[in-house]
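*Asks:* The following file, target_13.cif, comprises mmCIF, C-alpha atoms:
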```cif
data_final
loop_
_atom_site.label_atom_id
_atom_site.label_comp_id
_atom_site.auth_asym_id
_atom_site.auth_seq_id
_atom_site.Cartn_x
_atom_site.Cartn_y
_atom_site.Cartn_z
CA MET A 1 90.70 -48.76 64.01
CA ASN A 2 91.94 -51.42 66.46
CA GLN A 3 89.47 -50.48 69.17
CA PRO A 4 86.76 -53.02 69.92
CA ILE A 5 83.30 -51.73 68.96
CA ALA A 6 80.27 -51.81 71.26
CA ILE A 7 76.67 -50.85 70.50
CA VAL A 8 74.32 -49.88 73.33
CA THR A 9 70.59 -49.33 72.82
CA GLY A 10 68.53 -47.01 75.00
CA SER A 11 71.55 -44.85 75.83
CA SER A 12 69.88 -41.55 76.72
CA SER A 13 69.46 -42.35 80.43
CA GLY A 14 69.73 -44.94 83.19
CA PHE A 15 71.67 -48.14 82.69
CA GLY A 16 72.23 -47.34 79.00
CA LEU A 17 73.89 -43.97 79.57
CA LEU A 18 76.10 -45.27 82.36
CA THR A 19 77.01 -48.39 80.37
CA VAL A 20 78.19 -46.26 77.44
CA LEU A 21 80.50 -44.33 79.76
CA GLU A 22 81.87 -47.48 81.41
CA LEU A 23 82.53 -49.21 78.08
CA ALA A 24 84.24 -46.09 76.73
CA ARG A 25 86.36 -45.99 79.88
CA SER A 26 87.28 -49.64 79.25
CA GLY A 27 88.65 -48.80 75.81
CA PHE A 28 85.68 -49.55 73.56
CA GLN A 29 84.54 -47.36 70.70
CA VAL A 30 80.90 -47.07 71.72
CA ILE A 31 77.94 -46.44 69.43
CA ALA A 32 75.31 -45.00 71.76
CA THR A 33 71.87 -45.38 70.20
CA MET A 34 68.61 -43.70 71.20
CA ARG A 35 65.26 -42.77 69.64
CA ASN A 36 65.60 -39.02 70.21
CA LEU A 37 69.06 -37.59 69.57
CA GLU A 38 68.17 -34.44 71.48
CA LYS A 39 68.15 -36.54 74.65
CA GLY A 40 71.82 -37.33 74.13
CA SER A 41 72.99 -34.01 75.53
CA ASP A 42 73.41 -35.35 79.07
CA LEU A 43 75.47 -38.29 77.83
CA LEU A 44 77.72 -36.03 75.76
CA LYS A 45 78.17 -33.63 78.66
CA GLN A 46 79.19 -36.42 81.03
CA ALA A 47 81.48 -37.92 78.40
CA LYS A 48 83.24 -34.59 77.93
CA ASN A 49 83.62 -34.08 81.68
CA GLN A 50 85.23 -37.52 81.93
CA ASN A 51 87.41 -37.08 78.82
CA LEU A 52 85.61 -39.94 77.07
CA GLU A 53 84.02 -38.09 74.15
CA ALA A 54 86.55 -39.42 71.62
CA ASN A 55 85.32 -42.96 72.32
CA ILE A 56 81.59 -42.24 71.96
CA SER A 57 79.36 -41.47 69.01
CA ILE A 58 75.57 -41.16 68.97
CA HIS A 59 73.33 -42.89 66.46
CA GLU A 60 69.55 -42.58 66.10
CA LEU A 61 67.72 -45.86 66.59
CA ASP A 62 64.13 -46.77 67.36
CA VAL A 63 64.18 -50.53 68.03
CA THR A 64 60.48 -50.80 67.11
CA SER A 65 60.89 -49.22 63.65
CA GLU A 66 61.79 -51.35 60.61
CA THR A 67 63.09 -48.26 58.83
CA SER A 68 65.34 -47.41 61.76
CA ILE A 69 66.64 -50.99 61.94
CA GLU A 70 67.42 -50.87 58.21
CA LYS A 71 69.42 -47.67 58.75
CA LEU A 72 71.35 -49.44 61.51
CA SER A 73 72.08 -52.29 59.10
CA THR A 74 73.48 -49.83 56.56
CA PHE A 75 75.54 -48.13 59.26
CA LEU A 76 77.03 -51.44 60.41
CA LYS A 77 78.43 -52.00 56.93
CA THR A 78 80.65 -48.95 57.48
CA LEU A 79 81.90 -50.38 60.78
CA GLY A 80 82.66 -53.85 59.46
CA ARG A 81 82.57 -55.50 62.88
CA VAL A 82 80.74 -55.47 66.22
CA ASP A 83 82.33 -56.88 69.36
CA VAL A 84 79.65 -56.19 71.96
CA LEU A 85 75.92 -55.50 71.70
CA VAL A 86 74.10 -54.33 74.82
CA ASN A 87 70.33 -54.61 74.37
CA ASN A 88 69.17 -52.13 77.00
CA ALA A 89 66.27 -50.22 75.43
CA GLY A 90 63.03 -50.89 77.27
CA TYR A 91 60.30 -49.64 79.55
CA ALA A 92 57.93 -51.05 82.17
CA ALA A 93 54.19 -51.24 81.54
CA GLY A 94 51.90 -51.91 84.47
CA GLY A 95 48.28 -52.31 85.43
CA PHE A 96 45.87 -55.16 86.08
CA VAL A 97 45.19 -57.65 83.29
CA GLU A 98 41.41 -57.10 83.21
CA GLU A 99 41.88 -53.34 82.85
CA LEU A 100 44.84 -53.31 80.47
CA PRO A 101 44.17 -52.86 76.73
CA LEU A 102 45.61 -55.71 74.69
CA GLU A 103 47.48 -53.10 72.69
CA GLU A 104 49.53 -52.26 75.80
CA TYR A 105 50.90 -55.80 75.82
CA ARG A 106 51.74 -55.52 72.15
CA ARG A 107 53.60 -52.22 72.70
CA GLN A 108 55.50 -53.72 75.61
CA PHE A 109 56.62 -56.71 73.59
CA GLU A 110 57.48 -54.59 70.54
CA THR A 111 60.14 -52.78 72.57
CA ASN A 112 61.30 -55.27 75.19
CA VAL A 113 61.24 -58.42 73.04
CA PHE A 114 60.84 -57.84 69.30
CA GLY A 115 63.07 -54.75 69.42
CA VAL A 116 65.82 -56.83 71.01
CA ILE A 117 65.38 -59.56 68.40
CA ALA A 118 65.46 -57.09 65.51
CA VAL A 119 68.66 -55.38 66.63
CA THR A 120 70.34 -58.68 67.47
CA LYS A 121 69.51 -60.20 64.07
CA THR A 122 71.20 -57.19 62.46
CA VAL A 123 74.39 -57.76 64.43
CA LEU A 124 74.59 -61.57 64.38
CA PRO A 125 76.12 -62.00 60.88
CA TYR A 126 79.09 -59.84 61.85
CA MET A 127 79.77 -61.72 65.08
CA ARG A 128 79.28 -65.12 63.43
CA ARG A 129 81.79 -64.27 60.68
CA GLN A 130 84.22 -62.89 63.25
CA GLY A 131 83.90 -66.00 65.37
CA SER A 132 83.57 -63.79 68.42
CA GLY A 133 81.28 -61.31 70.14
CA LYS A 134 79.07 -60.77 73.14
CA ILE A 135 75.34 -60.05 73.17
CA ILE A 136 74.37 -58.72 76.58
CA ASN A 137 70.62 -58.53 77.18
CA MET A 138 69.30 -56.36 79.99
CA SER A 139 66.69 -58.52 81.66
CA SER A 140 65.44 -58.09 85.22
CA ILE A 141 64.60 -60.04 88.33
CA SER A 142 61.09 -59.63 86.86
CA GLY A 143 62.16 -62.12 84.20
CA ILE A 144 62.34 -64.78 86.92
CA VAL A 145 60.05 -63.48 89.66
CA ALA A 146 56.69 -62.04 88.59
CA PHE A 147 54.74 -59.43 90.51
CA PRO A 148 51.07 -58.39 90.49
CA GLY A 149 50.24 -55.26 88.53
CA LEU A 150 53.27 -55.58 86.22
CA SER A 151 52.22 -58.44 83.96
CA PRO A 152 53.23 -56.78 80.64
CA TYR A 153 56.73 -56.04 81.91
CA CYS A 154 57.18 -59.38 83.68
CA ALA A 155 55.90 -61.31 80.67
CA SER A 156 58.26 -59.45 78.32
CA LYS A 157 61.26 -60.17 80.54
CA HIS A 158 60.28 -63.84 80.92
CA ALA A 159 60.12 -64.01 77.11
CA LEU A 160 63.53 -62.35 76.83
CA GLU A 161 64.99 -64.94 79.19
CA GLY A 162 63.71 -67.88 77.15
CA TRP A 163 64.74 -66.36 73.83
CA SER A 164 68.21 -65.56 75.15
CA GLU A 165 68.67 -69.13 76.37
CA SER A 166 67.90 -70.49 72.90
CA LEU A 167 70.19 -67.91 71.26
CA ARG A 168 73.00 -68.73 73.68
CA LEU A 169 72.91 -72.38 72.58
CA GLU A 170 72.63 -71.45 68.89
CA MET A 171 75.63 -69.11 68.91
CA LYS A 172 77.98 -71.03 71.20
CA PRO A 173 79.41 -73.09 68.30
CA PHE A 174 80.31 -69.81 66.54
CA GLY A 175 82.22 -68.32 69.46
CA VAL A 176 79.51 -65.78 70.30
CA ASP A 177 78.41 -65.41 73.92
CA VAL A 178 74.87 -64.45 74.94
CA ILE A 179 74.50 -63.08 78.47
CA LEU A 180 71.60 -61.98 80.65
CA ILE A 181 71.91 -59.23 83.25
CA GLU A 182 69.15 -59.57 85.87
CA PRO A 183 69.07 -56.41 88.00
CA GLY A 184 66.85 -55.88 91.00
CA SER A 185 65.62 -52.39 91.92
CA TYR A 186 67.97 -49.54 91.01
CA LYS A 187 67.63 -45.77 90.93
CA THR A 188 66.83 -45.38 87.24
CA SER A 189 63.99 -43.75 85.33
CA ILE A 190 62.27 -47.06 84.55
CA TRP A 191 60.31 -46.75 87.80
CA SER A 192 59.37 -43.11 87.11
CA THR A 193 59.28 -41.74 83.54
CA GLY A 194 60.03 -45.23 82.18
CA ARG A 195 57.02 -46.83 83.84
CA GLN A 196 53.70 -46.58 82.01
CA VAL A 197 50.86 -47.63 84.29
CA THR A 198 47.22 -48.03 83.32
CA PRO A 199 45.61 -46.68 86.50
CA SER A 200 42.60 -48.13 88.28
CA GLN A 201 39.63 -45.85 88.90
CA GLU A 202 38.18 -45.48 92.40
CA GLU A 203 35.18 -47.63 91.48
CA SER A 204 37.46 -50.42 90.22
CA PRO A 205 37.67 -53.66 92.24
CA TYR A 206 41.46 -53.37 91.76
CA PHE A 207 41.77 -49.80 93.05
CA ILE A 208 42.83 -50.65 96.62
CA LEU A 209 45.34 -53.28 95.50
CA MET A 210 46.79 -50.86 92.94
CA LYS A 211 47.29 -48.28 95.69
CA LYS A 212 49.02 -50.86 97.88
CA LEU A 213 51.34 -51.83 95.03
CA GLU A 214 52.24 -48.21 94.33
CA ASP A 215 52.96 -47.68 98.03
CA TYR A 216 55.04 -50.86 98.13
CA ILE A 217 57.24 -49.65 95.25
CA LEU A 218 57.60 -46.15 96.71
CA ALA A 219 58.41 -47.52 100.18
CA GLY A 220 61.42 -49.34 98.78
CA GLU A 221 62.90 -46.46 96.78
CA GLU A 222 65.42 -45.46 99.45
CA GLY A 223 66.92 -48.93 99.24
CA PHE A 224 67.28 -48.93 95.45
CA GLY A 225 70.85 -49.54 94.30
CA ASP A 226 73.32 -47.32 92.48
CA PRO A 227 72.87 -48.04 88.74
CA ARG A 228 76.58 -47.59 88.15
CA GLU A 229 77.00 -51.04 89.71
CA VAL A 230 75.10 -52.57 86.79
CA ALA A 231 76.99 -50.53 84.18
CA GLN A 232 80.31 -51.60 85.68
CA LYS A 233 79.20 -55.23 85.59
CA VAL A 234 78.33 -54.91 81.88
CA ALA A 235 81.78 -53.47 81.16
CA GLU A 236 83.40 -56.26 83.17
CA ILE A 237 81.45 -58.96 81.30
CA SER A 238 82.38 -57.35 77.97
CA THR A 239 86.03 -58.31 78.48
CA MET A 240 85.50 -61.75 80.07
CA LYS A 241 86.78 -64.77 78.16
CA GLU A 242 84.02 -67.21 79.14
CA PRO A 243 81.18 -65.36 80.89
CA ASN A 244 78.34 -67.17 82.59
CA PHE A 245 74.88 -67.00 81.04
CA ARG A 246 73.06 -65.24 83.91
CA PHE A 247 74.24 -62.42 86.16
CA PRO A 248 71.69 -61.60 88.88
CA ILE A 249 72.70 -58.33 90.53
CA GLY A 250 71.32 -56.11 93.27
CA LYS A 251 70.34 -56.19 96.92
CA GLY A 252 68.53 -59.40 97.80
CA VAL A 253 68.22 -60.57 94.20
CA LYS A 254 70.12 -63.86 94.51
CA LEU A 255 68.34 -64.71 97.75
CA THR A 256 64.92 -63.95 96.24
CA ILE A 257 65.58 -66.18 93.24
CA ARG A 258 66.89 -68.96 95.46
CA LEU A 259 63.85 -68.80 97.74
CA LYS A 260 61.40 -68.88 94.84
CA ASN A 261 63.11 -71.99 93.48
CA LEU A 262 63.19 -73.75 96.87
CA ILE A 263 59.92 -73.12 98.68
CA PRO A 264 56.49 -74.46 97.63
CA TRP A 265 54.44 -72.15 95.44
CA LYS A 266 51.68 -71.64 98.01
CA LYS A 267 54.19 -70.37 100.56
CA TRP A 268 55.76 -68.15 97.96
CA GLU A 269 52.52 -66.47 96.86
CA SER A 270 51.46 -66.09 100.49
CA GLN A 271 54.68 -64.20 101.24
CA VAL A 272 54.30 -61.95 98.18
CA MET A 273 50.77 -60.96 99.15
CA LYS A 274 51.83 -60.44 102.76
CA ASN A 275 54.56 -58.02 101.66
CA VAL A 276 52.12 -56.04 99.52
CA ASN A 277 49.51 -55.88 102.27
CA LYS A 278 52.04 -54.48 104.75
CA THR A 279 51.78 -51.08 103.07
CA LYS A 280 49.21 -48.55 104.20
CA ASN A 281 46.10 -47.76 102.15
#
```
Take the structure I supplied and represent it as structure tokens, if you would.
*Replies:*
Amino acid sequence: MNQPIAIVTGSSSGFGLLTVLELARSGFQVIATMRNLEKGSDLLKQAKNQNLEANISIHELDVTSETSIEKLSTFLKTLGRVDVLVNNAGYAAGGFVEELPLEEYRRQFETNVFGVIAVTKTVLPYMRRQGSGKIINMSSISGIVAFPGLSPYCASKHALEGWSESLRLEMKPFGVDVILIEPGSYKTSIWSTGRQVTPSQEESPYFILMKKLEDYILAGEEGFGDPREVAQKVAEISTMKEPNFRFPIGKGVKLTIRLKNLIPWKKWESQVMKNVNKTKN
């Protein structure tokens, strides 16, 4: 009963799964949420192998469903408190603006932005009354640095950054911290099964550029980081007394952000296009 309680969304794989394990290892009672409970088998297996199963329970949650959010609200009443919320559920939509259906943007924002808002609104009253709590939002370097062919994802993460900044200032007087994690490229499913690309056809004027972008992403896969680094950072932040607002993490992330802020835009866009065009057709 004295254990701090953490809720993690999107816990079936990637950062979410690893974050659940790290928080459990740090002494939290972790509510691991996911849309499909059948996908929780890997998490439970790893938890058992690491003797962490007593600190983890699985709860069904679709962040885009009002009914599912209402069930979470009812469930929270049985808990009575929430100490940490990790908003991790999300996916990456890609394609070129002219070819992307508007509905794809709406779906992207429903999960990556409105889903985060809905879950957070459910938790806020508990943290406000407690006078404590941490809301950790999984952003991305894409929330600061945009990239061609990923406008739905980049736009959703830029929106998450702005919303989180406002929420941070709103909740500070109540003792609640809002934190952004801004990972670079890591070996998670978001760049494979978690990436939903609207492909260009061969006759499309964007076809060659799309191929170059795909090649650019694939060429960098060997250098992608170990996602456990991000999960460990989340667990570390969860016990900090006064955490910073932003935590950029990953190979070259801080340098990339610094360069974008320092050099003129024309030089920046020239370098981005040069990097993309280095790949073979």
*Asks:* Taking the file as shown, find all residues satisfying the PyMOL selection byres ((chain A and resi 128) around 10) and write them as a list of chain:residue names.
*Replies:*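 For this structure, the PyMOL selection byres ((chain A and resi 128) around 10) resolves to A:Val123, A:Leu124, A:Pro125, A:Tyr126, A:Met127, A:Arg129, A:Gln130, A:Gly131, A:Ser132, A:Gly133, A:Met171, A:Lys172, A:Pro173, A:Phe174, A:Gly175, A:Val176.
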*Asks:* Hey, what's within 9 Å of A:Gly95 if we count only C-alpha atoms and toss same-chain stuff fewer than 6 positions away? As a PyMOL selection string, please?
*Replies:* chain A and resi 148-152+196-200+210
*Asks:* To test your reading of the syntax: which residues would the PyMOL selection byres ((chain A and resi 88) around 9) return for the file shown? Reply as number ranges by chain.
*Replies:* A: 8-11, 15-16, 86-87, 89-90, 112, 116, 136-139
*Asks:* Counting only C-alpha atoms, figure out which residue out of A:Pro243, A:Gly250, A:Pro4, A:Pro227 gets nearest to A:Val178.
*Replies:*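 For A:Val178, the nearest of the given residues is A:Pro243.
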*Asks:* Apply the PyMOL selection byres ((chain A and resi 253) around 10) to the displayed file and report the matching residues as a CSV table (one decimal) with C-alpha atoms, keeping the file's coordinate frame.
*Replies:*
```csv
chain,number,residue,atom,x,y,z
A,140,SER,CA,65.4,-58.1,85.2
A,141,ILE,CA,64.6,-60.0,88.3
A,145,VAL,CA,60.0,-63.5,89.7
A,182,GLU,CA,69.2,-59.6,85.9
A,183,PRO,CA,69.1,-56.4,88.0
A,184,GLY,CA,66.8,-55.9,91.0
A,185,SER,CA,65.6,-52.4,91.9
A,248,PRO,CA,71.7,-61.6,88.9
A,249,ILE,CA,72.7,-58.3,90.5
A,250,GLY,CA,71.3,-56.1,93.3
A,251,LYS,CA,70.3,-56.2,96.9
A,252,GLY,CA,68.5,-59.4,97.8
A,254,LYS,CA,70.1,-63.9,94.5
A,255,LEU,CA,68.3,-64.7,97.8
A,256,THR,CA,64.9,-64.0,96.2
A,257,ILE,CA,65.6,-66.2,93.2
A,258,ARG,CA,66.9,-69.0,95.5
A,259,LEU,CA,63.8,-68.8,97.7
```
*Asks:* Using all atoms listed in the file, determine which residues lie at most 9 Å from A:Ile7, disregarding the query and same-chain residues fewer than 6 positions distant; provide the list as a count of residues only.
*Replies:* 12
